[in-house]
Amino acid sequence: MSILNLLGIKHPILLAPMAGVSTPQLAAEVSNQGGLGSLGLGANSIESARKQILETLALTEKPFQLNFFCHEPANLNISLNHAWTENIKHHFEKFAATAPTELKCIYPSFLDNDDFLNLCLETLPKAVSFHFGIPHEYQIQQLKAVGIVTMVSATNLAEALIIQEAGIDIIIAQGIEAGGHRGIFNQNIDAAIKTADLVQLIKQHCTLPVIAAGGIMNGKQAKAMLKIGADAVQLGTAFVQCKSSNANAAYRKALFNQPLTQITSSISGRPARGLINLWHTIVDHPDRPSVAPYPYAYDLAKQLNTLAVKNGEVDYGAFWAGSNVSQIRELEAQDLMNQLVVEMSSE
């Protein structure tokens with residue numbers, strides 16, 4: 001079965017989930033134009049996630065995907081958290097504030113319990129995708145039993161083979177160019193493979209459909225990925241600028257004015273590519289201590305950013321973006337989808 005039939009879509013174009021940036025409106029706009037819209041729900045409570053799903057269902061009758069984080073739960077390491085907070089505290093003091101004395105695990109994992117699983121079984125999305133790892137075997141079986149298509153991000157061949165062995169339906173090949181968090185299962189081992197190379201490597205060794213993700217900003221690049229074996233493409237950064245996304249004004253401005261990116265783990269505790277700001281230029285110094293584990297470090301970063309914004313400073317924001325962000329175009333989702341389709345079909 002082709003990936004178009006499997007996902008029930010007209011065009012082999014997926015919207016990247018982008019937790020915190022995706023909205024029901026953006027997801028619906030992409031789906032209504034024949035792609036697969038998405039909701040990044042890993043940072044949401046059950047109540048908030050359900051609300052977004054119901055809002056999307058009210059805006060489109062077309063298929064869309066839900067995305068969840070599948071990281072191994074991090075044990076509370078008070079000494080690591082304290083050392084990292086001590087390293088960051090002078091940034092709080094710059095705004096005449098005191099750094100927090102305790103960091104919280106702000107993001108749950110799909111592996112923690114079955115709350116998100118039950119939400120999927122209740123709302124029956126067309127597809128559910130996972131980042132940072134793979135669900136429990138029984139969770140996969142229950143999703144597949146009700147006809148939900150399952151997808152997992154892979155950043156190297158080893159992860160792709162594990163995904164296939166687990167019975168997942170589709171592999172998302174996330175190259176090093178991708179914006180946002182690297183989907184690596186073990187953050188200490190990153191092969192850092194380019195998207196095109198990763199797609200070809202996975203196609204050589206796996207039989208599952210492969211979605212290319214990372215560095216794709218236009219239809220010409222998407223067509224090139226399909227030509228080397230990808231079954232579909234997934235774009236995130238290209239859609240962040242759409243008015244229907246949840247990106248704030250500072251984020252949108254930076255996308256067009258600061259098109260340089262770098263990967264850092266200082267913001268969240270896991271490596272992620274974003275527009276270069278104070279985290280990359282000041283926090284990431286050679287003698288920094290070990291970063292607090294994900295998502296405890298993210299709790300600290302979000303508190304600092306909230307404080308900074310109140311004081312008129314936006315350079316502590318996590319402005320996730322892919323390496324080809326300089327090619328971004330100011331288009332609304334419907335127009336961008338149409339443009340991508342035209343570019344993909346041209347000679």
# chains A, B, ... in the order shown; residues from 1 in each chain; ligands from 1
$ closest_atom_pairs --of "region 234-338 of chain A" --to "region 2-26 of chain A" --cutoff "7 Å" --atoms "only C-alpha atoms" --output "CSV"
residue,atom,partner,partner_atom,distance
A:Gln234,CA,A:Leu14,CA,4.5
A:Leu235,CA,A:Leu15,CA,5.3
A:Gly236,CA,A:Ala16,CA,4.6
A:Ser244,CA,A:Leu26,CA,5.2
A:Ser245,CA,A:Val21,CA,5.6
A:Asn246,CA,A:Val21,CA,4.5
A:Ala247,CA,A:Val21,CA,5.5
A:Ala333,CA,A:Leu26,CA,6.9
$ write_last_selection --atoms "all heavy atoms" --output "PDB file, in the first residue's frame"
ATOM      1  N   GLN A 234       8.396  15.673   5.361  1.00  0.00           N
ATOM      2  CA  GLN A 234       7.798  16.375   6.499  1.00  0.00           C
ATOM      3  C   GLN A 234       8.505  17.722   6.675  1.00  0.00           C
ATOM      4  O   GLN A 234       9.727  17.774   6.736  1.00  0.00           O
ATOM      5  CB  GLN A 234       7.932  15.542   7.774  1.00  0.00           C
ATOM      6  CG  GLN A 234       7.337  16.186   9.020  1.00  0.00           C
ATOM      7  CD  GLN A 234       7.249  15.220  10.174  1.00  0.00           C
ATOM      8  OE1 GLN A 234       6.338  14.391  10.254  1.00  0.00           O
ATOM      9  NE2 GLN A 234       8.198  15.303  11.089  1.00  0.00           N
ATOM     10  N   LEU A 235       7.720  18.795   6.732  1.00  0.00           N
ATOM     11  CA  LEU A 235       8.257  20.141   6.858  1.00  0.00           C
ATOM     12  C   LEU A 235       7.748  20.790   8.143  1.00  0.00           C
ATOM     13  O   LEU A 235       6.554  20.690   8.458  1.00  0.00           O
ATOM     14  CB  LEU A 235       7.856  21.023   5.673  1.00  0.00           C
ATOM     15  CG  LEU A 235       8.456  20.722   4.298  1.00  0.00           C
ATOM     16  CD1 LEU A 235       7.772  19.540   3.637  1.00  0.00           C
ATOM     17  CD2 LEU A 235       8.335  21.952   3.390  1.00  0.00           C
ATOM     18  N   GLY A 236       8.643  21.461   8.851  1.00  0.00           N
ATOM     19  CA  GLY A 236       8.252  22.175  10.058  1.00  0.00           C
ATOM     20  C   GLY A 236       8.573  23.647   9.978  1.00  0.00           C
ATOM     21  O   GLY A 236       7.689  24.502  10.003  1.00  0.00           O
ATOM     22  N   SER A 244      -1.305  31.134  11.350  1.00  0.00           N
ATOM     23  CA  SER A 244      -2.079  30.171  12.133  1.00  0.00           C
ATOM     24  C   SER A 244      -1.220  29.349  13.084  1.00  0.00           C
ATOM     25  O   SER A 244      -1.742  28.544  13.852  1.00  0.00           O
ATOM     26  CB  SER A 244      -2.854  29.226  11.203  1.00  0.00           C
ATOM     27  OG  SER A 244      -1.986  28.630  10.256  1.00  0.00           O
ATOM     28  N   SER A 245       0.100  29.550  13.056  1.00  0.00           N
ATOM     29  CA  SER A 245       0.951  28.861  14.034  1.00  0.00           C
ATOM     30  C   SER A 245       0.908  29.621  15.348  1.00  0.00           C
ATOM     31  O   SER A 245       0.406  30.752  15.421  1.00  0.00           O
ATOM     32  CB  SER A 245       2.405  28.770  13.531  1.00  0.00           C
ATOM     33  OG  SER A 245       3.152  29.918  13.914  1.00  0.00           O
ATOM     34  N   ASN A 246       1.459  29.027  16.378  1.00  0.00           N
ATOM     35  CA  ASN A 246       1.445  29.644  17.706  1.00  0.00           C
ATOM     36  C   ASN A 246       2.742  30.401  17.997  1.00  0.00           C
ATOM     37  O   ASN A 246       2.989  30.800  19.134  1.00  0.00           O
ATOM     38  CB  ASN A 246       1.218  28.572  18.780  1.00  0.00           C
ATOM     39  CG  ASN A 246       0.711  29.154  20.076  1.00  0.00           C
ATOM     40  OD1 ASN A 246      -0.097  30.083  20.088  1.00  0.00           O
ATOM     41  ND2 ASN A 246       1.186  28.619  21.194  1.00  0.00           N
ATOM     42  N   ALA A 247       3.580  30.586  16.994  1.00  0.00           N
ATOM     43  CA  ALA A 247       4.843  31.307  17.186  1.00  0.00           C
ATOM     44  C   ALA A 247       4.561  32.759  17.567  1.00  0.00           C
ATOM     45  O   ALA A 247       3.681  33.397  16.977  1.00  0.00           O
ATOM     46  CB  ALA A 247       5.678  31.260  15.909  1.00  0.00           C
ATOM     47  N   ALA A 333      -0.523  28.891   5.244  1.00  0.00           N
ATOM     48  CA  ALA A 333      -0.418  27.441   5.089  1.00  0.00           C
ATOM     49  C   ALA A 333      -1.025  26.931   3.787  1.00  0.00           C
ATOM     50  O   ALA A 333      -0.419  26.104   3.091  1.00  0.00           O
ATOM     51  CB  ALA A 333      -1.070  26.750   6.287  1.00  0.00           C
TER      52      ALA A 333
END
$ residues_around --residues "region 89-99 of chain A" --least-positions-apart "2" --cutoff "8 Å" --atoms "only C-alpha atoms" --output "ChimeraX atom specification"
/A:85-87,101,304,307-308,311
$ select_by_dssp --residues "region 23-135 of chain A" --states "strand (DSSP E or B)" --output "PyMOL selection string"
chain A and resi 36-40+64-69+127-131
$ closest_residue --among "A:Leu76, A:Ala192, A:Met217, A:Leu275" --to "Met344 (chain A)" --atoms "only C-alpha atoms"
A:Met217
$ closest_residue --among "A:Leu111, A:Cys120, A:His71, A:Ala196" --to "Ala49 (chain A)" --atoms "only C-alpha atoms"
A:Cys120
$ residues_around --residues "Met337 (chain A)" --least-positions-apart "3" --cutoff "10 Å" --atoms "only C-alpha atoms" --output "JSON, numbers by chain"
{"A": [11, 13, 14, 15, 29, 30, 31, 32, 33, 34, 35, 218, 219, 239, 331, 332, 333, 334, 340, 341, 342, 343]}
$ write_last_selection --atoms "N, CA, C and O atoms" --output "PDB file, in the first residue's frame"
ATOM      1  N   HIS A  11      -1.403  14.431  -1.104  1.00  0.00           N
ATOM      2  CA  HIS A  11      -0.022  14.803  -1.415  1.00  0.00           C
ATOM      3  C   HIS A  11       0.935  14.250  -0.361  1.00  0.00           C
ATOM      4  O   HIS A  11       0.582  14.206   0.828  1.00  0.00           O
ATOM      5  N   ILE A  13       3.010  15.151   1.692  1.00  0.00           N
ATOM      6  CA  ILE A  13       3.537  16.266   2.485  1.00  0.00           C
ATOM      7  C   ILE A  13       2.945  16.221   3.884  1.00  0.00           C
ATOM      8  O   ILE A  13       1.720  16.224   4.048  1.00  0.00           O
ATOM      9  N   LEU A  14       3.806  16.166   4.899  1.00  0.00           N
ATOM     10  CA  LEU A  14       3.356  16.152   6.283  1.00  0.00           C
ATOM     11  C   LEU A  14       3.830  17.414   6.985  1.00  0.00           C
ATOM     12  O   LEU A  14       4.941  17.892   6.758  1.00  0.00           O
ATOM     13  N   LEU A  15       2.984  17.941   7.835  1.00  0.00           N
ATOM     14  CA  LEU A  15       3.366  19.039   8.710  1.00  0.00           C
ATOM     15  C   LEU A  15       4.065  18.448   9.923  1.00  0.00           C
ATOM     16  O   LEU A  15       3.541  17.549  10.569  1.00  0.00           O
ATOM     17  N   GLU A  29      -5.522  23.400   8.219  1.00  0.00           N
ATOM     18  CA  GLU A  29      -5.211  24.036   6.932  1.00  0.00           C
ATOM     19  C   GLU A  29      -4.352  23.130   6.060  1.00  0.00           C
ATOM     20  O   GLU A  29      -4.585  23.026   4.849  1.00  0.00           O
ATOM     21  N   VAL A  30      -3.369  22.474   6.665  1.00  0.00           N
ATOM     22  CA  VAL A  30      -2.521  21.555   5.905  1.00  0.00           C
ATOM     23  C   VAL A  30      -3.328  20.340   5.440  1.00  0.00           C
ATOM     24  O   VAL A  30      -3.233  19.918   4.274  1.00  0.00           O
ATOM     25  N   SER A  31      -4.120  19.781   6.334  1.00  0.00           N
ATOM     26  CA  SER A  31      -4.930  18.608   5.980  1.00  0.00           C
ATOM     27  C   SER A  31      -5.943  18.938   4.886  1.00  0.00           C
ATOM     28  O   SER A  31      -6.149  18.149   3.957  1.00  0.00           O
ATOM     29  N   ASN A  32      -6.579  20.093   4.992  1.00  0.00           N
ATOM     30  CA  ASN A  32      -7.587  20.474   4.003  1.00  0.00           C
ATOM     31  C   ASN A  32      -6.995  20.700   2.620  1.00  0.00           C
ATOM     32  O   ASN A  32      -7.716  20.675   1.618  1.00  0.00           O
ATOM     33  N   GLN A  33      -5.678  20.924   2.557  1.00  0.00           N
ATOM     34  CA  GLN A  33      -5.009  21.103   1.264  1.00  0.00           C
ATOM     35  C   GLN A  33      -4.409  19.794   0.757  1.00  0.00           C
ATOM     36  O   GLN A  33      -3.654  19.793  -0.221  1.00  0.00           O
ATOM     37  N   GLY A  34      -4.729  18.697   1.423  1.00  0.00           N
ATOM     38  CA  GLY A  34      -4.300  17.394   0.922  1.00  0.00           C
ATOM     39  C   GLY A  34      -3.071  16.814   1.570  1.00  0.00           C
ATOM     40  O   GLY A  34      -2.625  15.721   1.203  1.00  0.00           O
ATOM     41  N   GLY A  35      -2.476  17.530   2.547  1.00  0.00           N
ATOM     42  CA  GLY A  35      -1.343  16.984   3.287  1.00  0.00           C
ATOM     43  C   GLY A  35      -1.813  16.360   4.590  1.00  0.00           C
ATOM     44  O   GLY A  35      -3.016  16.199   4.812  1.00  0.00           O
ATOM     45  N   ASN A 218      11.264  23.792   0.361  1.00  0.00           N
ATOM     46  CA  ASN A 218      10.505  24.053  -0.864  1.00  0.00           C
ATOM     47  C   ASN A 218      10.243  22.753  -1.622  1.00  0.00           C
ATOM     48  O   ASN A 218      10.759  21.683  -1.260  1.00  0.00           O
ATOM     49  N   GLY A 219       9.450  22.867  -2.678  1.00  0.00           N
ATOM     50  CA  GLY A 219       9.058  21.689  -3.432  1.00  0.00           C
ATOM     51  C   GLY A 219      10.196  21.049  -4.198  1.00  0.00           C
ATOM     52  O   GLY A 219      10.210  19.828  -4.394  1.00  0.00           O
ATOM     53  N   PHE A 239       6.638  26.182   7.946  1.00  0.00           N
ATOM     54  CA  PHE A 239       5.274  26.515   8.372  1.00  0.00           C
ATOM     55  C   PHE A 239       5.215  27.349   9.652  1.00  0.00           C
ATOM     56  O   PHE A 239       4.147  27.840  10.007  1.00  0.00           O
ATOM     57  N   LEU A 331       4.338  32.882   3.599  1.00  0.00           N
ATOM     58  CA  LEU A 331       3.140  32.360   2.954  1.00  0.00           C
ATOM     59  C   LEU A 331       2.229  31.734   4.000  1.00  0.00           C
ATOM     60  O   LEU A 331       2.712  31.129   4.959  1.00  0.00           O
ATOM     61  N   GLU A 332       0.931  31.884   3.808  1.00  0.00           N
ATOM     62  CA  GLU A 332       0.010  31.189   4.700  1.00  0.00           C
ATOM     63  C   GLU A 332      -0.036  29.709   4.327  1.00  0.00           C
ATOM     64  O   GLU A 332       0.376  29.310   3.238  1.00  0.00           O
ATOM     65  N   ALA A 333      -0.523  28.891   5.244  1.00  0.00           N
ATOM     66  CA  ALA A 333      -0.418  27.441   5.089  1.00  0.00           C
ATOM     67  C   ALA A 333      -1.025  26.931   3.787  1.00  0.00           C
ATOM     68  O   ALA A 333      -0.419  26.104   3.091  1.00  0.00           O
ATOM     69  N   GLN A 334      -2.212  27.437   3.445  1.00  0.00           N
ATOM     70  CA  GLN A 334      -2.847  26.971   2.204  1.00  0.00           C
ATOM     71  C   GLN A 334      -1.988  27.319   0.991  1.00  0.00           C
ATOM     72  O   GLN A 334      -1.791  26.492   0.089  1.00  0.00           O
ATOM     73  N   LEU A 340       4.152  24.266  -2.731  1.00  0.00           N
ATOM     74  CA  LEU A 340       4.950  23.043  -2.642  1.00  0.00           C
ATOM     75  C   LEU A 340       4.522  22.027  -3.698  1.00  0.00           C
ATOM     76  O   LEU A 340       5.354  21.408  -4.363  1.00  0.00           O
ATOM     77  N   VAL A 341       3.214  21.859  -3.843  1.00  0.00           N
ATOM     78  CA  VAL A 341       2.692  20.899  -4.814  1.00  0.00           C
ATOM     79  C   VAL A 341       3.099  21.293  -6.237  1.00  0.00           C
ATOM     80  O   VAL A 341       3.538  20.439  -7.026  1.00  0.00           O
ATOM     81  N   VAL A 342       2.996  22.580  -6.549  1.00  0.00           N
ATOM     82  CA  VAL A 342       3.390  23.057  -7.889  1.00  0.00           C
ATOM     83  C   VAL A 342       4.867  22.807  -8.121  1.00  0.00           C
ATOM     84  O   VAL A 342       5.281  22.314  -9.176  1.00  0.00           O
ATOM     85  N   GLU A 343       5.695  23.139  -7.128  1.00  0.00           N
ATOM     86  CA  GLU A 343       7.147  22.975  -7.273  1.00  0.00           C
ATOM     87  C   GLU A 343       7.524  21.500  -7.378  1.00  0.00           C
ATOM     88  O   GLU A 343       8.467  21.150  -8.094  1.00  0.00           O
TER      89      GLU A 343
END
$ residues_around --residues "Leu208 (chain A)" --least-positions-apart "3" --cutoff "8 Å" --atoms "only C-alpha atoms" --output "PyMOL selection string"
chain A and resi 164+169-171+203
$ write_last_selection --atoms "N, CA, C and O atoms" --output "PDB file, in the first residue's frame"
ATOM      1  N   GLN A 164      11.423  -0.759  13.016  1.00  0.00           N
ATOM      2  CA  GLN A 164      10.805  -1.775  12.161  1.00  0.00           C
ATOM      3  C   GLN A 164      10.524  -3.046  12.948  1.00  0.00           C
ATOM      4  O   GLN A 164       9.444  -3.653  12.819  1.00  0.00           O
ATOM      5  N   ASP A 169       4.548   1.303  11.728  1.00  0.00           N
ATOM      6  CA  ASP A 169       4.159   1.314  10.318  1.00  0.00           C
ATOM      7  C   ASP A 169       5.061   2.154   9.424  1.00  0.00           C
ATOM      8  O   ASP A 169       5.282   1.802   8.259  1.00  0.00           O
ATOM      9  N   ILE A 170       5.558   3.294   9.945  1.00  0.00           N
ATOM     10  CA  ILE A 170       6.310   4.241   9.114  1.00  0.00           C
ATOM     11  C   ILE A 170       7.504   4.773   9.898  1.00  0.00           C
ATOM     12  O   ILE A 170       7.398   5.053  11.096  1.00  0.00           O
ATOM     13  N   ILE A 171       8.636   4.936   9.211  1.00  0.00           N
ATOM     14  CA  ILE A 171       9.832   5.523   9.814  1.00  0.00           C
ATOM     15  C   ILE A 171       9.968   6.968   9.345  1.00  0.00           C
ATOM     16  O   ILE A 171       9.909   7.242   8.144  1.00  0.00           O
ATOM     17  N   LYS A 203      16.387   3.115   3.462  1.00  0.00           N
ATOM     18  CA  LYS A 203      15.727   2.409   2.358  1.00  0.00           C
ATOM     19  C   LYS A 203      16.513   1.166   1.937  1.00  0.00           C
ATOM     20  O   LYS A 203      15.930   0.185   1.468  1.00  0.00           O
TER      21      LYS A 203
END
$ closest_residue --among "A:Ser290, A:Ala224, A:Cys242, A:Lys253" --to "Asp335 (chain A)" --atoms "only C-alpha atoms"
A:Cys242
$ residues_around --residues "Val325 (chain A)" --least-positions-apart "3" --cutoff "10 Å" --atoms "only C-alpha atoms" --output "VMD selection string"
chain A and resid 177 to 179 215 to 217 237 to 238 255 to 256 258 to 261 274 to 275 320 to 322 328 to 329
$ write_last_selection --atoms "N, CA, C and O atoms" --output "mmCIF file, in the first residue's frame"
data_model
loop_
_atom_site.group_PDB
_atom_site.id
_atom_site.type_symbol
_atom_site.label_atom_id
_atom_site.label_comp_id
_atom_site.auth_asym_id
_atom_site.auth_seq_id
_atom_site.Cartn_x
_atom_site.Cartn_y
_atom_site.Cartn_z
ATOM 1 N N GLU A 177 19.807 18.272 9.706
ATOM 2 C CA GLU A 177 19.371 19.621 9.343
ATOM 3 C C GLU A 177 18.073 20.041 10.025
ATOM 4 O O GLU A 177 17.722 21.225 10.029
ATOM 5 N N ALA A 178 17.344 19.086 10.590
ATOM 6 C CA ALA A 178 16.012 19.367 11.131
ATOM 7 C C ALA A 178 16.040 20.352 12.292
ATOM 8 O O ALA A 178 16.930 20.323 13.140
ATOM 9 N N GLY A 179 15.035 21.210 12.338
ATOM 10 C CA GLY A 179 14.889 22.129 13.452
ATOM 11 C C GLY A 179 14.266 21.435 14.647
ATOM 12 O O GLY A 179 13.639 20.386 14.530
ATOM 13 N N GLY A 215 15.576 20.036 6.809
ATOM 14 C CA GLY A 215 16.175 20.858 5.778
ATOM 15 C C GLY A 215 15.336 21.063 4.540
ATOM 16 O O GLY A 215 15.811 21.612 3.544
ATOM 17 N N ILE A 216 14.078 20.629 4.577
ATOM 18 C CA ILE A 216 13.208 20.742 3.395
ATOM 19 C C ILE A 216 12.363 22.010 3.524
ATOM 20 O O ILE A 216 11.542 22.132 4.434
ATOM 21 N N MET A 217 12.579 22.958 2.613
ATOM 22 C CA MET A 217 11.886 24.243 2.673
ATOM 23 C C MET A 217 11.047 24.541 1.433
ATOM 24 O O MET A 217 10.210 25.432 1.458
ATOM 25 N N THR A 237 9.863 23.974 9.854
ATOM 26 C CA THR A 237 10.316 25.364 9.850
ATOM 27 C C THR A 237 9.572 26.206 8.822
ATOM 28 O O THR A 237 9.208 27.357 9.097
ATOM 29 N N ALA A 238 9.322 25.668 7.654
ATOM 30 C CA ALA A 238 8.650 26.416 6.590
ATOM 31 C C ALA A 238 7.270 26.896 7.014
ATOM 32 O O ALA A 238 6.783 27.929 6.520
ATOM 33 N N LEU A 255 13.020 34.496 12.574
ATOM 34 C CA LEU A 255 13.091 33.558 11.454
ATOM 35 C C LEU A 255 13.582 34.237 10.180
ATOM 36 O O LEU A 255 14.304 33.642 9.378
ATOM 37 N N PHE A 256 13.184 35.490 9.991
ATOM 38 C CA PHE A 256 13.550 36.216 8.778
ATOM 39 C C PHE A 256 14.808 37.062 8.946
ATOM 40 O O PHE A 256 15.457 37.408 7.961
ATOM 41 N N GLN A 258 17.431 36.446 11.543
ATOM 42 C CA GLN A 258 18.587 35.782 12.150
ATOM 43 C C GLN A 258 18.700 34.341 11.640
ATOM 44 O O GLN A 258 18.603 33.391 12.425
ATOM 45 N N PRO A 259 18.895 34.143 10.351
ATOM 46 C CA PRO A 259 18.822 32.797 9.760
ATOM 47 C C PRO A 259 20.060 31.930 9.943
ATOM 48 O O PRO A 259 20.534 31.306 9.000
ATOM 49 N N LEU A 260 20.602 31.896 11.145
ATOM 50 C CA LEU A 260 21.715 31.001 11.447
ATOM 51 C C LEU A 260 21.294 30.098 12.604
ATOM 52 O O LEU A 260 20.715 30.569 13.588
ATOM 53 N N THR A 261 21.588 28.816 12.492
ATOM 54 C CA THR A 261 21.149 27.869 13.517
ATOM 55 C C THR A 261 22.317 27.054 14.062
ATOM 56 O O THR A 261 23.379 26.956 13.435
ATOM 57 N N GLY A 274 18.226 25.347 16.832
ATOM 58 C CA GLY A 274 17.436 26.569 16.852
ATOM 59 C C GLY A 274 18.248 27.755 16.392
ATOM 60 O O GLY A 274 19.468 27.665 16.172
ATOM 61 N N LEU A 275 17.575 28.879 16.214
ATOM 62 C CA LEU A 275 18.245 30.113 15.842
ATOM 63 C C LEU A 275 19.234 30.504 16.931
ATOM 64 O O LEU A 275 18.929 30.427 18.124
ATOM 65 N N TRP A 320 13.179 27.333 17.712
ATOM 66 C CA TRP A 320 13.606 26.163 16.951
ATOM 67 C C TRP A 320 13.471 26.420 15.459
ATOM 68 O O TRP A 320 12.462 26.945 14.981
ATOM 69 N N ALA A 321 14.479 26.008 14.692
ATOM 70 C CA ALA A 321 14.456 26.187 13.238
ATOM 71 C C ALA A 321 15.496 25.283 12.594
ATOM 72 O O ALA A 321 16.537 24.985 13.188
ATOM 73 N N GLY A 322 15.214 24.863 11.362
ATOM 74 C CA GLY A 322 16.125 24.001 10.633
ATOM 75 C C GLY A 322 17.258 24.780 9.979
ATOM 76 O O GLY A 322 17.232 26.014 9.904
ATOM 77 N N ILE A 328 13.230 30.550 4.074
ATOM 78 C CA ILE A 328 11.832 30.633 4.491
ATOM 79 C C ILE A 328 11.079 31.663 3.658
ATOM 80 O O ILE A 328 11.641 32.673 3.221
ATOM 81 N N ARG A 329 9.788 31.377 3.410
ATOM 82 C CA ARG A 329 8.946 32.274 2.621
ATOM 83 C C ARG A 329 7.728 32.677 3.436
ATOM 84 O O ARG A 329 7.201 31.893 4.203
#
$ residues_around --residues "region 77-83 of chain A" --least-positions-apart "4" --cutoff "12 Å" --atoms "only C-alpha atoms" --output "PyMOL selection string"
chain A and resi 73+87-89+99-105+269+288-300
$ select_by_dssp --residues "region 148-332 of chain A" --states "helix (DSSP H, G or I)" --output "PyMOL selection string"
chain A and resi 157-165+195-205+219-227+237-240+249-257+278-283+296-310+325-327
